[in-house]
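S.K.: So here's start-v3.cif, just mmCIF, C-alpha atoms:
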data_data
loop_
_atom_site.group_PDB
_atom_site.id
_atom_site.type_symbol
_atom_site.label_atom_id
_atom_site.label_comp_id
_atom_site.auth_asym_id
_atom_site.auth_seq_id
_atom_site.Cartn_x
_atom_site.Cartn_y
_atom_site.Cartn_z
ATOM 1 C CA MET P 1 0.000 0.000 0.000
ATOM 2 C CA THR P 2 1.517 3.275 -1.098
ATOM 3 C CA ALA P 3 1.275 6.566 0.761
ATOM 4 C CA GLU P 4 -1.100 8.006 -1.855
ATOM 5 C CA THR P 5 -3.648 5.198 -1.585
ATOM 6 C CA PHE P 6 -3.435 5.327 2.207
ATOM 7 C CA ALA P 7 -4.130 9.066 2.144
ATOM 8 C CA GLN P 8 -7.091 8.572 -0.206
ATOM 9 C CA THR P 9 -8.504 5.892 2.087
ATOM 10 C CA VAL P 10 -8.171 8.138 5.148
ATOM 11 C CA VAL P 11 -9.838 11.053 3.339
ATOM 12 C CA PHE P 12 -12.655 8.791 2.125
ATOM 13 C CA PHE P 13 -13.407 7.483 5.628
ATOM 14 C CA ALA P 14 -13.077 10.945 7.209
ATOM 15 C CA CYS P 15 -15.527 12.378 4.673
ATOM 16 C CA SER P 16 -17.948 9.527 5.281
ATOM 17 C CA VAL P 17 -17.845 10.040 9.053
ATOM 18 C CA ALA P 18 -18.224 13.806 8.665
ATOM 19 C CA LEU P 19 -21.216 13.443 6.338
ATOM 20 C CA SER P 20 -22.942 10.994 8.668
ATOM 21 C CA LEU P 21 -22.411 13.251 11.704
ATOM 22 C CA MET P 22 -23.705 16.246 9.761
ATOM 23 C CA CYS P 23 -26.800 14.269 8.760
ATOM 24 C CA VAL P 24 -27.527 13.643 12.443
ATOM 25 C CA ALA P 25 -26.940 17.331 13.245
ATOM 26 C CA PHE P 26 -29.174 18.339 10.327
ATOM 27 C CA PHE P 27 -32.119 16.242 11.515
ATOM 28 C CA LEU P 28 -31.741 17.414 15.123
ATOM 29 C CA THR P 29 -31.688 21.014 13.945
ATOM 30 C CA VAL P 30 -34.764 20.514 11.761
ATOM 31 C CA TRP P 31 -36.488 19.106 14.848
ATOM 32 C CA ARG P 32 -35.524 22.298 16.738
ATOM 33 C CA VAL P 33 -36.940 24.475 13.932
ATOM 34 C CA ILE P 34 -40.225 22.586 14.056
ATOM 35 C CA SER P 35 -40.581 22.288 17.834
ATOM 36 C CA GLY P 36 -39.349 25.746 18.803
ATOM 37 C CA PRO P 37 -40.516 26.572 21.496
ATOM 38 C CA THR P 38 -39.860 30.281 20.864
ATOM 39 C CA LEU P 39 -39.245 32.387 17.779
ATOM 40 C CA PRO P 40 -35.594 33.159 18.690
ATOM 41 C CA ASP P 41 -34.962 29.405 19.046
ATOM 42 C CA ARG P 42 -36.260 28.884 15.537
ATOM 43 C CA ILE P 43 -34.116 31.720 14.155
ATOM 44 C CA VAL P 44 -30.961 30.295 15.738
ATOM 45 C CA ALA P 45 -31.855 26.832 14.415
ATOM 46 C CA LEU P 46 -32.283 28.220 10.888
ATOM 47 C CA ASP P 47 -28.861 29.849 11.185
ATOM 48 C CA MET P 48 -27.485 26.490 12.284
ATOM 49 C CA LEU P 49 -29.038 24.836 9.229
ATOM 50 C CA VAL P 50 -27.110 27.271 7.053
ATOM 51 C CA ALA P 51 -23.891 26.375 8.869
ATOM 52 C CA ILE P 52 -24.567 22.656 8.415
ATOM 53 C CA ALA P 53 -25.240 23.190 4.699
ATOM 54 C CA ILE P 54 -21.900 25.018 4.426
ATOM 55 C CA GLY P 55 -20.243 22.039 6.125
ATOM 56 C CA PHE P 56 -21.904 19.651 3.672
ATOM 57 C CA LEU P 57 -20.602 21.706 0.750
ATOM 58 C CA ALA P 58 -17.081 21.810 2.191
ATOM 59 C CA VAL P 59 -16.943 18.040 2.747
ATOM 60 C CA ILE P 60 -18.319 17.354 -0.734
ATOM 61 C CA ALA P 61 -15.704 19.728 -2.180
ATOM 62 C CA ILE P 62 -12.968 17.771 -0.406
ATOM 63 C CA LYS P 63 -14.420 14.421 -1.431
ATOM 64 C CA THR P 64 -14.908 15.283 -5.113
ATOM 65 C CA GLY P 65 -12.023 17.710 -5.560
ATOM 66 C CA PHE P 66 -14.356 20.191 -7.298
ATOM 67 C CA ASN P 67 -13.414 23.601 -5.860
ATOM 68 C CA LEU P 68 -16.504 25.464 -7.075
ATOM 69 C CA TYR P 69 -18.364 24.095 -4.036
ATOM 70 C CA ILE P 70 -16.168 26.278 -1.811
ATOM 71 C CA ASP P 71 -17.328 29.408 -3.667
ATOM 72 C CA ILE P 72 -20.935 28.296 -3.270
ATOM 73 C CA ALA P 73 -20.363 27.727 0.467
ATOM 74 C CA ILE P 74 -18.911 31.230 0.872
ATOM 75 C CA SER P 75 -21.866 32.847 -0.879
ATOM 76 C CA LEU P 76 -24.291 30.736 1.173
ATOM 77 C CA GLY P 77 -22.561 31.956 4.322
ATOM 78 C CA LEU P 78 -23.043 35.576 3.284
ATOM 79 C CA VAL P 79 -26.705 35.073 2.395
ATOM 80 C CA GLY P 80 -27.315 33.130 5.616
ATOM 81 C CA PHE P 81 -25.764 35.908 7.690
ATOM 82 C CA LEU P 82 -27.945 38.526 6.001
ATOM 83 C CA ALA P 83 -31.045 36.399 6.550
ATOM 84 C CA THR P 84 -30.248 36.018 10.248
ATOM 85 C CA VAL P 85 -29.741 39.768 10.621
ATOM 86 C CA ALA P 86 -33.021 40.447 8.800
ATOM 87 C CA LEU P 87 -34.943 38.012 11.011
ATOM 88 C CA ALA P 88 -33.400 39.503 14.162
ATOM 89 C CA ARG P 89 -34.367 42.978 13.013
ATOM 90 C CA PHE P 90 -37.904 41.754 12.330
ATOM 91 C CA VAL P 91 -38.166 40.379 15.856
ATOM 92 C CA LEU P 92 -36.908 43.666 17.309
ATOM 93 C CA THR P 93 -39.299 45.850 15.316
ATOM 94 C CA GLN P 94 -42.420 43.679 15.448
ATOM 95 C CA GLY P 95 -41.912 42.203 18.895
ATOM 96 C CA MET P 96 -42.632 38.644 19.861
ATOM 97 C CA PRO P 97 -46.052 37.221 20.632
ATOM 98 C CA GLU P 98 -46.792 37.048 24.363
ATOM 99 C CA ASP P 99 -46.603 33.246 24.355
ATOM 100 C CA ASP P 100 -43.103 33.240 22.827
ATOM 101 C CA ARG P 101 -41.574 35.535 25.450
ATOM 102 C CA ASP P 102 -41.690 33.112 28.343
ATOM 103 C CA PRO P 103 -43.342 29.782 27.553
ATOM 104 C CA LEU P 104 -43.334 28.648 31.200
ATOM 105 C CA ALA P 105 -45.107 31.783 32.436
ATOM 106 C CA ALA P 106 -47.619 31.624 29.590
ATOM 107 C CA SER P 107 -48.548 28.017 30.372
ATOM 108 C CA ALA P 108 -48.808 28.822 34.096
ATOM 109 C CA ALA P 109 -51.094 31.789 33.353
ATOM 110 C CA ARG P 110 -53.321 29.594 31.186
ATOM 111 C CA HIS P 111 -53.775 27.161 34.061
ATOM 112 C CA GLY P 112 -54.514 29.896 36.611
ATOM 113 C CA LYS P 113 -51.117 29.769 38.313
ATOM 114 C CA GLY P 114 -48.742 32.654 38.669
ATOM 115 C CA PRO P 115 -49.099 36.271 37.616
ATOM 116 C CA PRO P 116 -50.916 37.219 34.416
ATOM 117 C CA PRO P 117 -48.791 37.913 31.326
ATOM 118 C CA ARG P 118 -47.299 41.388 30.987
ATOM 119 C CA LYS P 119 -48.716 43.930 28.572
ATOM 120 C CA GLN P 120 -46.684 44.939 25.544
ATOM 121 C CA ARG P 121 -44.857 48.265 25.823
ATOM 122 C CA ALA P 122 -45.824 51.224 23.697
ATOM 123 C CA SER P 123 -43.828 51.906 20.577
ATOM 124 C CA ARG P 124 -40.990 54.443 20.805
ATOM 125 C CA ARG P 125 -41.949 56.032 17.509
ATOM 126 C CA GLY P 126 -44.934 57.897 18.925
ATOM 127 C CA ARG P 127 -43.075 59.515 21.839
ATOM 128 C CA ALA P 128 -41.636 63.026 21.709
ATOM 129 C CA ARG P 129 -37.955 63.329 22.523
#
Can you turn what I pasted into structure tokens?
M.R.:
Amino acid sequence: MTAETFAQTVVFFACSVALSLMCVAFFLTVWRVISGPTLPDRIVALDMLVAIAIGFLAVIAIKTGFNLYIDIAISLGLVGFLATVALARFVLTQGMPEDDRDPLAASAARHGKGPPPRKQRASRRGRAR
């Protein structure tokens, strides 16, 4: 066995292990997007899905030797970052529903336990400075 074939075998097995671990991470993250429980949890999980997709592209680029996948991964990283910033800005401007702020307090209030949920603050736009 030459050094080149040994290196190819190691790279093949490392790529296979990496792809299988990323598949597990992908499905766990999809479960987090679906189950929540809050809107910020879902936003972070979507950002994690972008990172996992970038990892998939990087491993496939190593496995196939086709370097264009690296350029696609870089552009996906930029688009994913902009999407995360846009979603965070949306949450800041629109606010979160009362149930998403504190799921434990909301469920306790529904069952008659604990204080009632807080009222949403007034917008800053209408105030004089």
S.K.: May I have the centre and edge lengths, in Å to one decimal, of an axis-aligned box around the listed atoms of region 55-61 of chain P with 4 Å added to every side, as JSON?
M.R.:
{"center_x": -18.8, "center_y": 19.7, "center_z": 2.0, "size_x": 14.2, "size_y": 12.7, "size_z": 16.3}
S.K.: What residues come out when you apply the PyMOL selection byres ((chain P and resi 50) around 12) to this file, written as number ranges by chain?
M.R.: P: 22, 25-26, 29-30, 43-49, 51-57, 73-84
S.K.: Please compute the CA of Asp41 (chain P)-CA of Val24 (chain P) distance, one decimal, in Å.
M.R.: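 CA of Val24 (chain P) lies 18.6 Å from CA of Asp41 (chain P).
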S.K.: Taking the file above as input, evaluate the PyMOL selection byres ((chain P and resi 5-19) around 9) and report the hits as a list in words.
M.R.: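 Answer for the PyMOL selection byres ((chain P and resi 5-19) around 9): Met1, Thr2, Ala3, Glu4, Ser20, Leu21, Met22, Cys23, Val24, Gly55, Phe56, Val59, Ile60, Ile62 and Lys63 of chain P.
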S.K.: What does the distance between CA of Leu87 (chain P) and CA of Ser35 (chain P) come to in Å, to one decimal place?
M.R.: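 CA of Ser35 (chain P) lies at a distance of 18.0 Å from CA of Leu87 (chain P).
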S.K.: Please, what distance in Å, to one decimal, runs between CA of Ala58 (chain P) and CA of Arg32 (chain P)?
M.R.: 23.5 Å
S.K.: Which residue, P:Ala61, P:Leu28, P:Ala88, P:Ile70, has the smallest gap to Pro40 (chain P) when you use all atoms listed in the file?
M.R.: P:Ala88
